[in-house]
Amino acid sequence: MAGAIARDPNSFHKQASLPVSNAYDPTAELVRHGDELKATLSGQWTAARSEAVEHEAAALEDAARGAHRVLIDLARIERLDTLGAWVLDRTRHELGGRSQRADFVGAKPEHRILLDEIAYRGFQQLPPPRRSSIIDFLAQVGESVVDAGKDVVRGTSFLGEVVVALLRVIIDPRRFRVASIVHHLEMVGFRGVPIIALISFLVGCIVAQQGIFQLQRFGASTFVVNLVGILTLRELAVLLTSIMVAGRSGSAFTAEIGSMKMREEVDALRVMGLDPVEVLVLPRMIAIVVALPLLTFIAAMAALFGGGLVAWAYGGITPEVYLSRLQQTISQSPSTFMVGLIKAPFMALVIGVIASLEGLAVQGSAESLGRQVTASVVKAIFMVIVVDGLFAMFFAAINY
Amino acid sequence: MAETSHSATPTRRPTPQDVNDREVVIRVRGLEVGFGTKTIMKDLDLDVYRGEILGFVGASGTGKSVLTRAILGLVPKRTGTIEVFGEDLDALSPQSRKAIEQRWGVLFQQGALFSSLTVKQNVQVPMREYLSISERLLDELAMLKIEMVGLKPDAADKFPSDLSGGMIKRASLARALALDPEIVFLDEPTSGLDPIGAGEFDDLISTLQQTLGLTVFMVTHDLDSLHSVCDRIAALAEGKIIASGPIDTMLASNHPWLRAYFHGKRARAALA
């Protein structure tokens with residue numbers, strides 16, 4: 001196949017992202033004499049015309065099949081950048097690998113510098129690790145089970161650290177950080193009242209409305225008072241409060257401690273001889289353990305109030321009847337009120353331990369902080385529900 | 001590399017001093033930038049010539065980064081014109097502006113590597129966006145840039161969080177160079193690097209500038225960089241360019257801040 005191989009420079013530049021005129025397109029004019037191929041290159045061999053550059057180079061390589069010697073004339077290239085130089089040098093190199101001789105001729109000095117600097121070499125590709133999706137899946141399941149087990153162990157030992165810190169503070173009350181505890185009490189307890197009261201009120205309304213709606217069919221709509229009273233006091237108030245506190249304050253604890261960890265403030269405390277658990281964790285734990293039962297009580301009252309309102313407006317149960325039935329219900333099983341409140345400090349401990357641990361697990365980056373805050377909230381809410389289930393079993397077993 | 005008929009010896013590119021009619025690639029005229037009631041710079045003029053390394057100095061808080069960001073279009077300006085490659089950035093259609101943006105690369109102070117991507121993927125982000133090339137060439141070019149900035153190949157598959165400060169700067173430079181830009185903006189490229197690393201980075205910038213014919217706009221506090229790689233220095237104070245020229249001009253200036261900057265104890269040590 002001797003002679004010039006005609007080539008339409010316009011045919012392969014349709015999807016180029018730049019509005020470039022085709023006059024600058026890279027072209028390779030190929031002339032074959034016997035087993036020698038001469039390629040005269042022109043145009044701009046740059047990233048802006050990357051598609052055409054690759055196409056032309058591939059065409060040149062194809063045309064060189066069977067030629068023993070290939071001369072690549074660079075004299076008419078207008079512009080060359082690393083992309084062009086790489087593709088050209090790769091082409092030359094690959095022709096050389098096919099026991100052909102390929103050489104550049106006529107390169108401008110600046111292009112020559114670039115070609116020398118680029119100097120094609122293969123990059124060793126690391127083989128992608130062999131993977132089987134089933135084994136991966138099983139490994140991940142195993143990993144998360146082991147992680148969950150480790151979390152339990154870490155949580156328990158951390159709770160021990162907190163208790164030790166508490167004992168130290170009790171022995172030496174000067175180390176009691178009153179200001180910090182009051183601050184956290186305000187943040188967790190006082191500032192949490194409006195939102196917790198509001199959602200409990202709404203949930204109380206909804207439970208009463210649904211109760212009346214369903215019980216009407218049996219003509220037993222007055223039993224809605226028993227439903228709202230027992231459900232709220234035993235379960236709803238403490239669960240709603242714990243979940244809200246885990247989302248509101250647990251995440252704040254993790255973020256605060258985590259950002260201190262991230263900026264080495266925790267290490268600074270440690271080198272000053274201060275125990276981060278005592279300085280950072282203990283005040284928060286005390287605050288949350290005190291605040292959560294109080295919030296639970298407020299939540300219960302708000303829910304009962306909401307239930308009463310709906311019972312009055314929707315079920316026609318007057319407040320006097322509501323209150324007397326409520327009193328009757330609760331005095332039938334006096335434990336109802338305590339069951340909810342007993343759980344609250346334990347929920348607080350679970351939330352506090354998880355939030356503080358996740359905060360201290362933050363590494364040096366902002367992504368890590370975000371990851372730990374998410375993990376803290378998810379784990380805390382999950383554990384709150386697990387603990388609630390354990391308590392349900394426990395109270396059922398002791399008939400409380 | 002085989003060379004047959006033509007024996008070109010690698011020569012240094014002509015430095016800007018050799019060329020009389022230098023092409024201006026960035027021309028800033030009458031620029032005013034401010035936030036709220038605070039005016040950071042007023043009536044600021046600046047020229048950057050093709051192929052030079054311009055070192056940009058100024059005390060902390062004088063607005064060096066703000067000027068860089070104003071040129072890049074990240075900070076709105078009140079008045080004034082900014083021309084890049086002879087085109088007024090305000091008068092450009094979004095498409096032509098995009099074309100200009102492909103002709104510059106930026107190395108941010110903290111690197112600004114995308115944290116969810118590996119170094120190689122970071123370098124490939126602009127390539128995938130703007131080039132239509134084969135996956136093989138994409139990989140090879142990314143590896144080429146990574147090697148050009150002096151990173152080991154095994155750094156390619158690491159995430160930014162696994163890199164040291166110097167490696168982050170290098171990886172970020174590789175990304176800035178991904179599209180073979182004509183201008184590179186470097187925001188304090190050597191800050192946070194140890195002196196050896198900083199020196200290597202200076203050499204790297206100077207090598208790249210010579211081989212790729214880059215124009216480099218470098219905000220820096222590093223006196224060694226100013227001495228060793230910058231062709232020209234511009235100093236910003238009181239919201240204006242108070243002096244610009246080669247290091248000798250700076251040394252000869254009588255402006256109190258420049259005297260303090262270039263004749264301080266640290267500066268003398270760097271000069272020696």
# chains A, B, ... in the order shown; residues from 1 in each chain; ligands from 1

$ residues_around --residues "Pro194 in chain A" --least-positions-apart "3" --cutoff "12 Å" --atoms "only C-alpha atoms" --output "list in words"
Val188, Gly189, Phe190, Arg191, Ala197, Leu198, Ile199, Ser200, Phe201, Thr241, Met244, Leu295, Ile298, Ala299 and Ala302 of chain A

$ write_last_selection --atoms "N, CA and C atoms" --output "PDB file, in the first residue's frame"
ATOM      1  N   VAL A 188     -28.636  20.544  77.679  1.00  0.00           N
ATOM      2  CA  VAL A 188     -29.355  19.280  77.490  1.00  0.00           C
ATOM      3  C   VAL A 188     -30.784  19.402  78.001  1.00  0.00           C
ATOM      4  N   GLY A 189     -30.929  19.955  79.223  1.00  0.00           N
ATOM      5  CA  GLY A 189     -32.229  19.940  79.885  1.00  0.00           C
ATOM      6  C   GLY A 189     -33.089  21.121  79.495  1.00  0.00           C
ATOM      7  N   PHE A 190     -32.684  22.280  79.956  1.00  0.00           N
ATOM      8  CA  PHE A 190     -33.538  23.451  79.835  1.00  0.00           C
ATOM      9  C   PHE A 190     -33.881  23.771  78.381  1.00  0.00           C
ATOM     10  N   ARG A 191     -32.839  23.805  77.533  1.00  0.00           N
ATOM     11  CA  ARG A 191     -33.090  24.164  76.125  1.00  0.00           C
ATOM     12  C   ARG A 191     -33.803  23.060  75.366  1.00  0.00           C
ATOM     13  N   ALA A 197     -41.335  18.787  74.824  1.00  0.00           N
ATOM     14  CA  ALA A 197     -42.724  18.953  75.253  1.00  0.00           C
ATOM     15  C   ALA A 197     -43.648  18.977  74.039  1.00  0.00           C
ATOM     16  N   LEU A 198     -43.228  19.659  73.001  1.00  0.00           N
ATOM     17  CA  LEU A 198     -44.085  19.779  71.820  1.00  0.00           C
ATOM     18  C   LEU A 198     -44.324  18.428  71.158  1.00  0.00           C
ATOM     19  N   ILE A 199     -43.238  17.657  70.911  1.00  0.00           N
ATOM     20  CA  ILE A 199     -43.482  16.388  70.208  1.00  0.00           C
ATOM     21  C   ILE A 199     -44.250  15.424  71.095  1.00  0.00           C
ATOM     22  N   SER A 200     -44.009  15.446  72.422  1.00  0.00           N
ATOM     23  CA  SER A 200     -44.756  14.555  73.305  1.00  0.00           C
ATOM     24  C   SER A 200     -46.234  14.930  73.303  1.00  0.00           C
ATOM     25  N   PHE A 201     -46.500  16.227  73.348  1.00  0.00           N
ATOM     26  CA  PHE A 201     -47.881  16.702  73.283  1.00  0.00           C
ATOM     27  C   PHE A 201     -48.564  16.171  72.023  1.00  0.00           C
ATOM     28  N   THR A 241     -38.297  10.957  74.647  1.00  0.00           N
ATOM     29  CA  THR A 241     -37.291  11.841  75.221  1.00  0.00           C
ATOM     30  C   THR A 241     -35.886  11.330  74.923  1.00  0.00           C
ATOM     31  N   MET A 244     -35.009  11.877  71.307  1.00  0.00           N
ATOM     32  CA  MET A 244     -34.732  13.303  71.051  1.00  0.00           C
ATOM     33  C   MET A 244     -33.395  13.731  71.651  1.00  0.00           C
ATOM     34  N   LEU A 295     -36.680  15.577  81.916  1.00  0.00           N
ATOM     35  CA  LEU A 295     -37.312  15.764  80.606  1.00  0.00           C
ATOM     36  C   LEU A 295     -38.388  14.703  80.376  1.00  0.00           C
ATOM     37  N   ILE A 298     -41.486  15.788  82.088  1.00  0.00           N
ATOM     38  CA  ILE A 298     -42.157  16.856  81.329  1.00  0.00           C
ATOM     39  C   ILE A 298     -42.841  16.274  80.100  1.00  0.00           C
ATOM     40  N   ALA A 299     -42.152  15.349  79.438  1.00  0.00           N
ATOM     41  CA  ALA A 299     -42.722  14.732  78.236  1.00  0.00           C
ATOM     42  C   ALA A 299     -44.006  13.990  78.585  1.00  0.00           C
ATOM     43  N   ALA A 302     -46.783  16.445  79.168  1.00  0.00           N
ATOM     44  CA  ALA A 302     -47.227  17.055  77.909  1.00  0.00           C
ATOM     45  C   ALA A 302     -48.093  16.076  77.125  1.00  0.00           C
TER      46      ALA A 302
END

$ residues_around --residues "range 101-108 of chain A" --least-positions-apart "2" --cutoff "6 Å" --atoms "only C-alpha atoms" --output "PyMOL selection string"
(chain A and resi 69-75+92+96+110-112) or (chain B and resi 2+6)

$ select_by_dssp --residues "range 69-113 of chain B" --states "alpha helix (DSSP H)" --output "JSON, numbers by chain"
{"B": [69, 70, 71, 72, 94, 95, 96, 97, 98, 99, 100, 101]}

$ write_last_selection --atoms "all heavy atoms" --output "mmCIF file, in the first residue's frame"
data_model
loop_
_atom_site.group_PDB
_atom_site.id
_atom_site.type_symbol
_atom_site.label_atom_id
_atom_site.label_comp_id
_atom_site.auth_asym_id
_atom_site.auth_seq_id
_atom_site.Cartn_x
_atom_site.Cartn_y
_atom_site.Cartn_z
ATOM 1 N N ARG B 69 -8.245 35.300 44.291
ATOM 2 C CA ARG B 69 -9.612 34.805 44.159
ATOM 3 C C ARG B 69 -10.451 35.719 43.278
ATOM 4 O O ARG B 69 -11.360 35.257 42.594
ATOM 5 C CB ARG B 69 -10.246 34.648 45.545
ATOM 6 C CG ARG B 69 -9.547 33.586 46.382
ATOM 7 C CD ARG B 69 -10.055 33.580 47.808
ATOM 8 N NE ARG B 69 -11.380 33.016 47.889
ATOM 9 C CZ ARG B 69 -11.634 31.716 48.007
ATOM 10 N NH1 ARG B 69 -10.640 30.877 48.057
ATOM 11 N NH2 ARG B 69 -12.852 31.283 48.063
ATOM 12 N N ALA B 70 -10.147 37.035 43.298
ATOM 13 C CA ALA B 70 -10.885 37.957 42.432
ATOM 14 C C ALA B 70 -10.558 37.668 40.968
ATOM 15 O O ALA B 70 -11.449 37.661 40.104
ATOM 16 C CB ALA B 70 -10.549 39.393 42.787
ATOM 17 N N ILE B 71 -9.274 37.388 40.675
ATOM 18 C CA ILE B 71 -8.900 37.063 39.292
ATOM 19 C C ILE B 71 -9.591 35.770 38.866
ATOM 20 O O ILE B 71 -10.087 35.648 37.749
ATOM 21 C CB ILE B 71 -7.366 36.935 39.158
ATOM 22 C CG1 ILE B 71 -6.694 38.276 39.432
ATOM 23 C CG2 ILE B 71 -7.001 36.421 37.768
ATOM 24 C CD1 ILE B 71 -5.195 38.195 39.524
ATOM 25 N N LEU B 72 -9.656 34.816 39.781
ATOM 26 C CA LEU B 72 -10.275 33.530 39.456
ATOM 27 C C LEU B 72 -11.792 33.621 39.412
ATOM 28 O O LEU B 72 -12.462 32.668 39.024
ATOM 29 C CB LEU B 72 -9.861 32.474 40.489
ATOM 30 C CG LEU B 72 -8.389 32.096 40.498
ATOM 31 C CD1 LEU B 72 -8.061 31.241 41.698
ATOM 32 C CD2 LEU B 72 -8.037 31.354 39.230
ATOM 33 N N PRO B 94 -20.608 32.513 28.979
ATOM 34 C CA PRO B 94 -20.247 31.423 29.885
ATOM 35 C C PRO B 94 -19.357 30.376 29.219
ATOM 36 O O PRO B 94 -18.459 29.829 29.841
ATOM 37 C CB PRO B 94 -21.599 30.826 30.265
ATOM 38 C CG PRO B 94 -22.567 31.932 30.094
ATOM 39 C CD PRO B 94 -22.039 32.773 28.971
ATOM 40 N N GLN B 95 -19.604 30.159 27.917
ATOM 41 C CA GLN B 95 -18.825 29.120 27.245
ATOM 42 C C GLN B 95 -17.360 29.530 27.047
ATOM 43 O O GLN B 95 -16.449 28.743 27.290
ATOM 44 C CB GLN B 95 -19.468 28.799 25.901
ATOM 45 C CG GLN B 95 -19.121 27.392 25.472
ATOM 46 C CD GLN B 95 -19.922 26.965 24.265
ATOM 47 O OE1 GLN B 95 -20.619 27.768 23.656
ATOM 48 N NE2 GLN B 95 -19.817 25.713 23.914
ATOM 49 N N SER B 96 -17.160 30.790 26.655
ATOM 50 C CA SER B 96 -15.772 31.232 26.471
ATOM 51 C C SER B 96 -15.072 31.300 27.815
ATOM 52 O O SER B 96 -13.875 31.087 27.912
ATOM 53 C CB SER B 96 -15.705 32.612 25.818
ATOM 54 O OG SER B 96 -16.829 32.883 25.083
ATOM 55 N N ARG B 97 -15.839 31.623 28.855
ATOM 56 C CA ARG B 97 -15.239 31.676 30.175
ATOM 57 C C ARG B 97 -14.766 30.286 30.581
ATOM 58 O O ARG B 97 -13.690 30.110 31.143
ATOM 59 C CB ARG B 97 -16.260 32.198 31.181
ATOM 60 C CG ARG B 97 -15.591 32.505 32.465
ATOM 61 C CD ARG B 97 -16.419 33.072 33.536
ATOM 62 N NE ARG B 97 -15.687 32.805 34.750
ATOM 63 C CZ ARG B 97 -14.821 33.653 35.278
ATOM 64 N NH1 ARG B 97 -14.634 34.838 34.758
ATOM 65 N NH2 ARG B 97 -14.138 33.330 36.349
ATOM 66 N N LYS B 98 -15.589 29.291 30.254
ATOM 67 C CA LYS B 98 -15.206 27.915 30.544
ATOM 68 C C LYS B 98 -13.908 27.561 29.828
ATOM 69 O O LYS B 98 -13.042 26.888 30.373
ATOM 70 C CB LYS B 98 -16.324 26.977 30.098
ATOM 71 C CG LYS B 98 -16.847 26.130 31.217
ATOM 72 C CD LYS B 98 -17.903 25.194 30.702
ATOM 73 C CE LYS B 98 -18.220 24.191 31.772
ATOM 74 N NZ LYS B 98 -19.372 23.379 31.446
ATOM 75 N N ALA B 99 -13.809 28.029 28.572
ATOM 76 C CA ALA B 99 -12.606 27.749 27.792
ATOM 77 C C ALA B 99 -11.390 28.379 28.452
ATOM 78 O O ALA B 99 -10.315 27.778 28.500
ATOM 79 C CB ALA B 99 -12.776 28.282 26.372
ATOM 80 N N ILE B 100 -11.561 29.590 28.993
ATOM 81 C CA ILE B 100 -10.448 30.237 29.701
ATOM 82 C C ILE B 100 -10.107 29.452 30.959
ATOM 83 O O ILE B 100 -8.939 29.241 31.284
ATOM 84 C CB ILE B 100 -10.847 31.687 30.099
ATOM 85 C CG1 ILE B 100 -11.077 32.511 28.847
ATOM 86 C CG2 ILE B 100 -9.807 32.285 31.037
ATOM 87 C CD1 ILE B 100 -10.064 33.554 28.551
ATOM 88 N N GLU B 101 -11.139 29.002 31.656
ATOM 89 C CA GLU B 101 -10.894 28.285 32.906
ATOM 90 C C GLU B 101 -10.122 26.988 32.679
ATOM 91 O O GLU B 101 -9.466 26.484 33.580
ATOM 92 C CB GLU B 101 -12.226 27.976 33.613
ATOM 93 C CG GLU B 101 -12.735 29.200 34.363
ATOM 94 C CD GLU B 101 -14.179 29.065 34.812
ATOM 95 O OE1 GLU B 101 -14.797 28.035 34.508
ATOM 96 O OE2 GLU B 101 -14.668 30.014 35.445
#

$ interface_residues --of "chain A" --to "chain B" --cutoff "9 Å" --atoms "only C-alpha atoms" --output "NGL selection string"
:A and (15-19 or 46-51 or 54 or 81-83 or 86-87 or 102-120 or 122-124 or 364-365 or 367)

$ atom_distance --atom1 "CA of Gly34 in chain B" --atom2 "CA of Pro76 in chain B"
8.5 Å

$ closest_residue --among "B:Gly166, B:Gly51, B:Pro189, B:Gly63" --to "Thr215 in chain B" --atoms "only C-alpha atoms"
B:Gly51

$ atom_distance --atom1 "CA of Ala252 in chain B" --atom2 "CA of Leu46 in chain B"
20.2 Å

$ residues_around --residues "Gln121 in chain B" --least-positions-apart "5" --cutoff "9 Å" --atoms "only C-alpha atoms" --output "PyMOL selection string"
chain B and resi 114+142+156-157

$ write_last_selection --atoms "N, CA, C and O atoms" --output "mmCIF file, in the first residue's frame"
data_model
loop_
_atom_site.group_PDB
_atom_site.id
_atom_site.type_symbol
_atom_site.label_atom_id
_atom_site.label_comp_id
_atom_site.auth_asym_id
_atom_site.auth_seq_id
_atom_site.Cartn_x
_atom_site.Cartn_y
_atom_site.Cartn_z
ATOM 1 N N PHE B 114 -10.167 16.443 46.462
ATOM 2 C CA PHE B 114 -11.463 15.881 46.829
ATOM 3 C C PHE B 114 -11.212 14.665 47.718
ATOM 4 O O PHE B 114 -10.568 13.704 47.298
ATOM 5 N N ALA B 142 -2.716 10.537 33.898
ATOM 6 C CA ALA B 142 -2.781 10.809 35.336
ATOM 7 C C ALA B 142 -1.488 10.365 36.005
ATOM 8 O O ALA B 142 -0.903 11.091 36.814
ATOM 9 N N ALA B 156 -0.614 7.036 43.883
ATOM 10 C CA ALA B 156 -1.759 7.287 43.007
ATOM 11 C C ALA B 156 -3.064 6.743 43.572
ATOM 12 O O ALA B 156 -4.108 7.338 43.407
ATOM 13 N N ASP B 157 -2.977 5.595 44.245
ATOM 14 C CA ASP B 157 -4.207 4.976 44.721
ATOM 15 C C ASP B 157 -4.500 5.305 46.171
ATOM 16 O O ASP B 157 -5.357 4.697 46.796
#

$ residues_around --residues "range 57-62 of chain A" --least-positions-apart "2" --cutoff "8 Å" --atoms "only C-alpha atoms" --output "mmCIF file with N, CA and C atoms, in the first residue's frame"
data_model
loop_
_atom_site.group_PDB
_atom_site.id
_atom_site.type_symbol
_atom_site.label_atom_id
_atom_site.label_comp_id
_atom_site.auth_asym_id
_atom_site.auth_seq_id
_atom_site.Cartn_x
_atom_site.Cartn_y
_atom_site.Cartn_z
ATOM 1 N N ALA A 28 -1.779 13.927 10.606
ATOM 2 C CA ALA A 28 -0.586 13.179 10.241
ATOM 3 C C ALA A 28 -0.693 12.836 8.767
ATOM 4 N N LEU A 30 0.726 10.792 5.829
ATOM 5 C CA LEU A 30 1.536 9.583 5.791
ATOM 6 C C LEU A 30 1.948 9.268 4.355
ATOM 7 N N ALA A 39 5.912 10.137 8.280
ATOM 8 C CA ALA A 39 4.705 10.795 8.792
ATOM 9 C C ALA A 39 5.045 12.247 9.057
ATOM 10 N N VAL A 53 -6.031 13.898 18.610
ATOM 11 C CA VAL A 53 -4.637 13.485 18.829
ATOM 12 C C VAL A 53 -4.568 11.970 18.945
ATOM 13 N N GLU A 54 -5.436 11.413 19.763
ATOM 14 C CA GLU A 54 -5.411 9.967 19.977
ATOM 15 C C GLU A 54 -5.739 9.225 18.682
ATOM 16 N N HIS A 55 -6.715 9.759 17.959
ATOM 17 C CA HIS A 55 -7.155 9.127 16.722
ATOM 18 C C HIS A 55 -6.032 9.135 15.690
ATOM 19 N N ALA A 64 1.660 2.138 9.941
ATOM 20 C CA ALA A 64 3.064 1.728 9.985
ATOM 21 C C ALA A 64 3.238 0.217 9.968
ATOM 22 N N ARG A 65 2.128 -0.506 9.970
ATOM 23 C CA ARG A 65 2.215 -1.966 9.970
ATOM 24 C C ARG A 65 2.995 -2.433 8.743
ATOM 25 N N VAL A 87 1.428 10.991 23.854
ATOM 26 C CA VAL A 87 0.839 10.129 22.828
ATOM 27 C C VAL A 87 1.862 9.863 21.725
ATOM 28 N N LEU A 88 2.601 10.899 21.312
ATOM 29 C CA LEU A 88 3.586 10.718 20.242
ATOM 30 C C LEU A 88 4.702 9.783 20.682
ATOM 31 N N THR A 91 3.519 6.272 20.831
ATOM 32 C CA THR A 91 3.423 5.690 19.493
ATOM 33 C C THR A 91 4.800 5.239 19.015
ATOM 34 N N LEU A 95 5.926 1.359 18.280
ATOM 35 C CA LEU A 95 6.448 0.908 16.986
ATOM 36 C C LEU A 95 7.795 0.243 17.199
#

$ atom_distance --atom1 "CA of Phe223 in chain A" --atom2 "CA of Ile317 in chain A"
10.5 Å
